[in-house]
Amino acid sequence: MAEPRWHQLGLRTVQLAGIVTGHVVASVPAVVRVAPRGRTAVREVLWTRLRGLLTAMGASYIKGAQLLSTRQDLLDPALCESLSKLQDRVPAMSDRQVRETVERAYAGGEWPFAEFDWEPLASGSIACVYRARLLDGTDVAVKVRRPGLDWRMTADFGLMGAGAGVIQRVPAFARLPAVTMVQQIRDAVLGQLDFGAEAEALDLLRANLGDLSYLRVPAPVPDASREGVLVMEFVPGLRRFRRDDLAPEVAELAVRRVLQCVYRMLFIDGVVHCDLHPGNLYLDEDGEVVLLDAGFVVHLTPRVRKLFAEFFFNMSRGNGRQCASIVERSARNEAGTADLERFRAGIIELVEGAHAKPAGEFQLAPFAATLFDLQRRCGLFAAPEFVFPLLSLLVLEGMINEFDANVDFQAEAKPVLIRALLTAIPKEKAA
């Protein structure tokens with residue numbers, strides 16, 4: 001994607017300045033009202049206002065903040081918790097806007113739709129999804145990218161990168177890899193604008209997981225797709241993963257299946273769907289798990305896949321020393337000032353404590369939070385190819401806790417881990 005031009009940076013700066021000014025002015029009375037109730041009340045108001053500000057600033061900031069919320073190895077846990085509450089829910093495009101966008105995409109070519117329902121099925125900060133029918137009678141889902149996002153989002157990340165460069169020059173933040181962090185988030189967020197890459201990711205997931213009879217990934221329809229418009233197989237009768245909507249045995253089976261699917265992606269295939277929130281996971285009419293939206297997929301190198309498998313396997317055995325060694329090999333210490341001895345001692349204590357828990361009581365979220373906090377305090381920053389895939393497991397664990405499903409994370413992982421470690425992973429080709 002091309003770098004933003006100066007006039008685009010200037011225009012976007014003016015837009016953002018207006019948004020920020022308006023929110024700051026509106027926040028002052030709210031802070032004054034709660035100030036007598038103490039620091040905690042003020043902090044809660046500020047976090048809420050911050051989420052509102054980021055939502056108003058647009059897709060770059062919504063998506064970026066959601067990803068930042070996972071980086072507890074870099075940022076204060078309280079800030080991460082607040083950012084994690086951001087919801088990617090924005091009003092759908094107007095009827096006129098979506099019609100113009102779709103018709104522009106197909107201008108000069110054949111119109112592939114016999115019918116098109118302009119009422120959206122779903123709406124996010126990057127795209128909206130609609131139902132349509134092709135000329136051959138096939139029902140499809142049509143994902144339409146919001147117009148004008150390209151220049152705004154590239155300008156946003158250009159401004160963020162400049163700000164990160166300034167922050168990193170401040171002595172108090174010298175150890176924070178701000179520029180690298182912005183680059184990582186830029187790549188992850190702007191990658192979601194590339195619908196061609198998403199279609200390829202859908203095909204990869206279908207190929208890798210095709211032997212799982214209980215899993216369904218919609219097939220893309222490349223002949224009907226265009227730049228900014230992704231046409232996919234429509235799956236009817238979808239049911240959300242909601243505790244009140246499913247019998248306990250159905251919920252437990254569904255969660256177990258999704259968990260096995262994630263382990264396959266992480267440890268065997270290396271193509272990982274990193275956005276497995278309930279809005280992208282459904283059950284179809286036959287009770288099969290349906291996986292939607294492959295906009296945020298990470299490709300793990302053989303080396304990272306092997307390190308992931310080794311870490312989880314050694315964690316299940318309580319081998320903290322080996323776990324510490326694996327994290328050190330995967331982490332980044334850009335300032336060269338990491339306290340490795342303190343880090344190793346902390347990891348050994350953390351892993352041994354987790355191993356001592358009775359079967360079924362281990363929880364990944366507090367384990368990961370402690371691990372990231374330890375890395376942050378010791379100056380050992382996690383590489384994004386380790387953090388982003390972990391999102392899949394953390395989100396899934398939240399679902400398991402919500403359903404109160406009787407699923408043992410570590411026990412479910414062991415067969416896949418053993419298979420991964422016994423299977424020869426090909427070495428990466430030299431660059």
# chains A, B, ... in the order shown; residues from 1 in each chain; ligands from 1
call {"tool": "residues_around", "arguments": {"residues": "Asp95 (chain A)", "least_positions_apart": "6", "cutoff": "12 Å", "atoms": "only C-alpha atoms", "output": "PyMOL selection string"}}
result
chain A and resi 101-102+116-120+128+130
call {"tool": "write_last_selection", "arguments": {"atoms": "N, CA and C atoms", "output": "tab-separated table (two decimals), in the first residue's frame"}}
result
chain	number	residue	atom	x	y	z
A	101	THR	N	-20.63	2.18	-4.03
A	101	THR	CA	-19.37	1.45	-3.86
A	101	THR	C	-19.37	0.15	-4.66
A	102	VAL	N	-20.46	-0.60	-4.56
A	102	VAL	CA	-20.54	-1.88	-5.26
A	102	VAL	C	-20.62	-1.67	-6.77
A	116	PHE	N	-29.71	-8.61	-4.92
A	116	PHE	CA	-28.78	-8.05	-3.93
A	116	PHE	C	-29.60	-7.37	-2.85
A	117	ASP	N	-29.49	-7.88	-1.61
A	117	ASP	CA	-30.21	-7.29	-0.49
A	117	ASP	C	-29.34	-6.21	0.13
A	118	TRP	N	-29.75	-4.97	0.01
A	118	TRP	CA	-28.92	-3.85	0.46
A	118	TRP	C	-29.01	-3.62	1.96
A	119	GLU	N	-29.76	-4.44	2.66
A	119	GLU	CA	-29.82	-4.37	4.13
A	119	GLU	C	-28.66	-5.20	4.69
A	120	PRO	N	-27.74	-4.62	5.46
A	120	PRO	CA	-26.54	-5.34	5.89
A	120	PRO	C	-26.84	-6.46	6.90
A	128	CYS	N	-18.85	-3.92	5.57
A	128	CYS	CA	-20.20	-4.40	5.87
A	128	CYS	C	-20.45	-5.65	5.03
A	130	TYR	N	-23.36	-8.25	3.18
A	130	TYR	CA	-24.71	-8.27	2.62
A	130	TYR	C	-25.00	-9.66	2.03
call {"tool": "select_by_dssp", "arguments": {"residues": "region 138-347 of chain A", "states": "strand (DSSP E or B)", "output": "CSV table (one decimal) with N, CA and C atoms, in the first residue's frame"}}
result
chain,number,residue,atom,x,y,z
A,139,ASP,N,-26.6,-18.7,-3.5
A,139,ASP,CA,-26.7,-17.6,-2.5
A,139,ASP,C,-25.3,-17.4,-2.0
A,140,VAL,N,-25.0,-16.1,-1.8
A,140,VAL,CA,-23.6,-15.7,-1.4
A,140,VAL,C,-23.7,-14.6,-0.4
A,141,ALA,N,-22.6,-14.4,0.4
A,141,ALA,CA,-22.4,-13.3,1.3
A,141,ALA,C,-21.4,-12.4,0.6
A,142,VAL,N,-21.7,-11.1,0.6
A,142,VAL,CA,-20.8,-10.1,0.0
A,142,VAL,C,-20.3,-9.1,1.0
A,143,LYS,N,-19.0,-9.1,1.1
A,143,LYS,CA,-18.3,-8.2,2.1
A,143,LYS,C,-17.8,-7.0,1.3
A,144,VAL,N,-18.2,-5.8,1.7
A,144,VAL,CA,-18.0,-4.6,1.0
A,144,VAL,C,-17.1,-3.7,1.8
A,145,ARG,N,-15.9,-3.3,1.3
A,145,ARG,CA,-15.1,-2.4,2.1
A,145,ARG,C,-15.6,-1.0,2.1
A,215,LEU,N,-16.2,-29.0,10.9
A,215,LEU,CA,-15.8,-27.6,10.7
A,215,LEU,C,-16.2,-27.2,9.3
A,216,ARG,N,-16.7,-26.0,9.2
A,216,ARG,CA,-17.0,-25.4,7.9
A,216,ARG,C,-16.5,-24.0,7.8
A,220,PRO,N,-14.6,-18.8,-0.8
A,220,PRO,CA,-14.6,-17.6,-1.6
A,220,PRO,C,-15.1,-17.9,-3.0
A,226,ARG,N,-14.4,-8.6,-6.6
A,226,ARG,CA,-13.7,-7.4,-7.2
A,226,ARG,C,-12.8,-6.7,-6.1
A,229,VAL,N,-14.5,-5.8,-2.8
A,229,VAL,CA,-15.7,-6.6,-2.7
A,229,VAL,C,-15.3,-8.1,-2.7
A,230,LEU,N,-15.6,-8.8,-1.6
A,230,LEU,CA,-15.3,-10.2,-1.5
A,230,LEU,C,-16.6,-11.0,-1.4
A,231,VAL,N,-16.8,-11.9,-2.4
A,231,VAL,CA,-18.0,-12.7,-2.5
A,231,VAL,C,-17.7,-14.1,-2.0
A,232,MET,N,-18.5,-14.6,-1.1
A,232,MET,CA,-18.2,-15.9,-0.4
A,232,MET,C,-19.5,-16.7,-0.4
A,233,GLU,N,-19.3,-18.0,-0.2
A,233,GLU,CA,-20.5,-18.9,0.1
A,233,GLU,C,-21.3,-18.4,1.2
A,239,ARG,N,-26.2,-20.1,14.0
A,239,ARG,CA,-26.5,-19.8,15.5
A,239,ARG,C,-25.3,-19.3,16.1
A,240,ARG,N,-25.4,-18.3,16.9
A,240,ARG,CA,-24.2,-17.8,17.7
A,240,ARG,C,-23.9,-18.7,18.8
A,271,VAL,N,-1.1,-21.7,9.9
A,271,VAL,CA,-2.0,-20.7,9.4
A,271,VAL,C,-3.1,-20.4,10.5
A,272,VAL,N,-3.0,-19.3,11.2
A,272,VAL,CA,-3.8,-19.1,12.4
A,272,VAL,C,-4.8,-18.0,12.3
A,273,HIS,N,-6.0,-18.3,12.4
A,273,HIS,CA,-7.1,-17.3,12.5
A,273,HIS,C,-7.0,-16.6,13.9
A,281,LEU,N,-17.6,-17.0,15.1
A,281,LEU,CA,-17.8,-18.4,15.4
A,281,LEU,C,-19.3,-18.7,15.5
A,282,TYR,N,-19.8,-19.6,14.7
A,282,TYR,CA,-21.2,-20.0,14.7
A,282,TYR,C,-21.4,-21.5,14.6
A,283,LEU,N,-22.6,-21.9,14.9
A,283,LEU,CA,-23.0,-23.3,14.6
A,283,LEU,C,-24.0,-23.2,13.4
A,289,VAL,N,-19.4,-26.5,13.3
A,289,VAL,CA,-18.8,-25.2,13.7
A,289,VAL,C,-18.5,-24.5,12.4
A,290,VAL,N,-18.9,-23.2,12.3
A,290,VAL,CA,-18.6,-22.4,11.1
A,290,VAL,C,-17.7,-21.3,11.5
A,291,LEU,N,-16.6,-21.1,10.8
A,291,LEU,CA,-15.6,-20.1,11.0
A,291,LEU,C,-15.6,-19.1,9.9
A,297,VAL,N,-5.4,-13.2,9.7
A,297,VAL,CA,-4.7,-14.5,9.7
A,297,VAL,C,-3.2,-14.3,9.8
A,298,VAL,N,-2.6,-15.0,10.7
A,298,VAL,CA,-1.1,-15.0,10.8
A,298,VAL,C,-0.5,-16.3,10.3
A,299,HIS,N,0.6,-16.1,9.5
A,299,HIS,CA,1.3,-17.3,9.0
A,299,HIS,C,2.5,-17.5,9.9
A,332,ARG,N,12.3,-10.2,21.8
A,332,ARG,CA,13.1,-9.1,21.3
A,332,ARG,C,13.6,-8.2,22.5
call {"tool": "closest_residue", "arguments": {"among": "A:Leu300, A:Ala247, A:Ala383, A:Ile418", "to": "Leu266 (chain A)", "atoms": "only C-alpha atoms"}}
result
A:Leu300
call {"tool": "closest_residue", "arguments": {"among": "A:Leu390, A:Ala41, A:Ala224, A:Leu134", "to": "Tyr106 (chain A)", "atoms": "only C-alpha atoms"}}
result
A:Ala224
call {"tool": "atom_distance", "arguments": {"atom1": "CA of Gly158 (chain A)", "atom2": "CA of Ala17 (chain A)"}}
result
15.2 Å
call {"tool": "residues_around", "arguments": {"residues": "region 54-60 of chain A", "least_positions_apart": "2", "cutoff": "7 Å", "atoms": "only C-alpha atoms", "output": "number ranges by chain"}}
result
A: 16, 19, 50-52, 62-64, 125-126, 153, 156
call {"tool": "closest_residue", "arguments": {"among": "A:Ala324, A:Leu190, A:Leu340, A:Ala309", "to": "Gly295 (chain A)", "atoms": "only C-alpha atoms"}}
result
A:Leu190
call {"tool": "select_by_dssp", "arguments": {"residues": "region 124-274 of chain A", "states": "alpha helix (DSSP H)", "output": "JSON list (two decimals) with C-alpha atoms, in the first residue's frame"}}
result
[["chain", "number", "residue", "atom", "x", "y", "z"],
["A", 149, "LEU", "CA", -10.34, 3.82, 4.07],
["A", 150, "ASP", "CA", -7.05, 3.35, 2.21],
["A", 151, "TRP", "CA", -5.75, 6.90, 2.38],
["A", 152, "ARG", "CA", -7.20, 7.60, 5.84],
["A", 153, "MET", "CA", -5.68, 4.50, 7.41],
["A", 154, "THR", "CA", -2.28, 4.90, 5.75],
["A", 155, "ALA", "CA", -2.28, 8.54, 6.90],
["A", 156, "ASP", "CA", -3.28, 7.44, 10.42],
["A", 157, "PHE", "CA", -0.38, 5.02, 10.67],
["A", 158, "GLY", "CA", 1.99, 7.57, 9.16],
["A", 159, "LEU", "CA", 1.05, 9.95, 11.97],
["A", 160, "MET", "CA", 1.27, 7.18, 14.58],
["A", 161, "GLY", "CA", 4.74, 6.23, 13.32],
["A", 162, "ALA", "CA", 5.93, 9.83, 13.58],
["A", 163, "GLY", "CA", 4.51, 10.09, 17.10],
["A", 164, "ALA", "CA", 6.14, 6.79, 18.09],
["A", 165, "GLY", "CA", 9.50, 8.10, 16.87],
["A", 166, "VAL", "CA", 9.13, 11.15, 19.13],
["A", 167, "ILE", "CA", 8.08, 9.04, 22.12],
["A", 168, "GLN", "CA", 11.03, 6.69, 21.72],
["A", 169, "ARG", "CA", 13.44, 9.64, 22.00],
["A", 178, "ALA", "CA", 7.26, 2.17, 20.07],
["A", 179, "VAL", "CA", 8.23, 2.41, 16.39],
["A", 180, "THR", "CA", 8.43, -1.36, 15.99],
["A", 181, "MET", "CA", 5.12, -1.76, 17.81],
["A", 182, "VAL", "CA", 3.35, 0.69, 15.47],
["A", 183, "GLN", "CA", 4.83, -1.06, 12.42],
["A", 184, "GLN", "CA", 3.58, -4.44, 13.66],
["A", 185, "ILE", "CA", 0.07, -3.12, 14.29],
["A", 186, "ARG", "CA", 0.09, -1.27, 10.94],
["A", 187, "ASP", "CA", 0.86, -4.47, 9.08],
["A", 188, "ALA", "CA", -1.84, -6.41, 10.95],
["A", 189, "VAL", "CA", -4.55, -3.76, 10.50],
["A", 190, "LEU", "CA", -3.84, -2.70, 6.92],
["A", 195, "PHE", "CA", -9.68, -8.84, 0.38],
["A", 196, "GLY", "CA", -7.57, -10.78, -2.10],
["A", 197, "ALA", "CA", -5.36, -11.93, 0.76],
["A", 198, "GLU", "CA", -8.45, -12.79, 2.79],
["A", 199, "ALA", "CA", -9.78, -14.97, -0.04],
["A", 200, "GLU", "CA", -6.42, -16.79, -0.13],
["A", 201, "ALA", "CA", -6.57, -17.24, 3.65],
["A", 202, "LEU", "CA", -10.05, -18.76, 3.39],
["A", 203, "ASP", "CA", -8.78, -21.22, 0.78],
["A", 204, "LEU", "CA", -5.79, -22.12, 2.98],
["A", 205, "LEU", "CA", -7.95, -22.70, 6.05],
["A", 206, "ARG", "CA", -10.32, -24.86, 4.01],
["A", 207, "ALA", "CA", -7.41, -26.91, 2.66],
["A", 208, "ASN", "CA", -5.68, -27.31, 6.01],
["A", 209, "LEU", "CA", -8.79, -28.12, 8.04],
["A", 248, "PRO", "CA", -24.68, -27.95, 27.99],
["A", 249, "GLU", "CA", -23.57, -31.05, 26.08],
["A", 250, "VAL", "CA", -23.83, -29.22, 22.73],
["A", 251, "ALA", "CA", -21.84, -26.27, 24.06],
["A", 252, "GLU", "CA", -19.10, -28.51, 25.48],
["A", 253, "LEU", "CA", -18.77, -30.44, 22.23],
["A", 254, "ALA", "CA", -18.65, -27.25, 20.17],
["A", 255, "VAL", "CA", -16.00, -25.66, 22.40],
["A", 256, "ARG", "CA", -13.89, -28.83, 22.36],
["A", 257, "ARG", "CA", -14.06, -28.90, 18.56],
["A", 258, "VAL", "CA", -13.05, -25.25, 18.20],
["A", 259, "LEU", "CA", -10.18, -25.81, 20.62],
["A", 260, "GLN", "CA", -8.92, -28.76, 18.58],
["A", 261, "CYS", "CA", -9.19, -26.61, 15.46],
["A", 262, "VAL", "CA", -7.09, -23.83, 17.03],
["A", 263, "TYR", "CA", -4.45, -26.30, 18.19]]
call {"tool": "atom_distance", "arguments": {"atom1": "CA of Ser225 (chain A)", "atom2": "CA of Ser123 (chain A)"}}
result
18.9 Å
call {"tool": "atom_distance", "arguments": {"atom1": "CA of Phe372 (chain A)", "atom2": "CA of Asp76 (chain A)"}}
result
10.3 Å
call {"tool": "closest_residue", "arguments": {"among": "A:Leu374, A:Leu135, A:Cys274, A:Ala345", "to": "Phe386 (chain A)", "atoms": "only C-alpha atoms"}}
result
A:Cys274
call {"tool": "residues_around", "arguments": {"residues": "Leu276 (chain A)", "least_positions_apart": "6", "cutoff": "8 Å", "atoms": "only C-alpha atoms", "output": "number ranges by chain"}}
result
A: 392, 395-396
call {"tool": "closest_residue", "arguments": {"among": "A:Glu288, A:Glu81, A:Glu110, A:Glu412", "to": "Ser213 (chain A)", "atoms": "only C-alpha atoms"}}
result
A:Glu288
call {"tool": "residues_around", "arguments": {"residues": "region 312-318 of chain A", "least_positions_apart": "5", "cutoff": "10 Å", "atoms": "only C-alpha atoms", "output": "ChimeraX atom specification"}}
result
/A:267,307,323-324,326,348-356,409-411,413-414,416-418,421
call {"tool": "closest_residue", "arguments": {"among": "A:Gly279, A:Pro218, A:Pro112, A:Pro147", "to": "Ser94 (chain A)", "atoms": "only C-alpha atoms"}}
result
A:Pro147
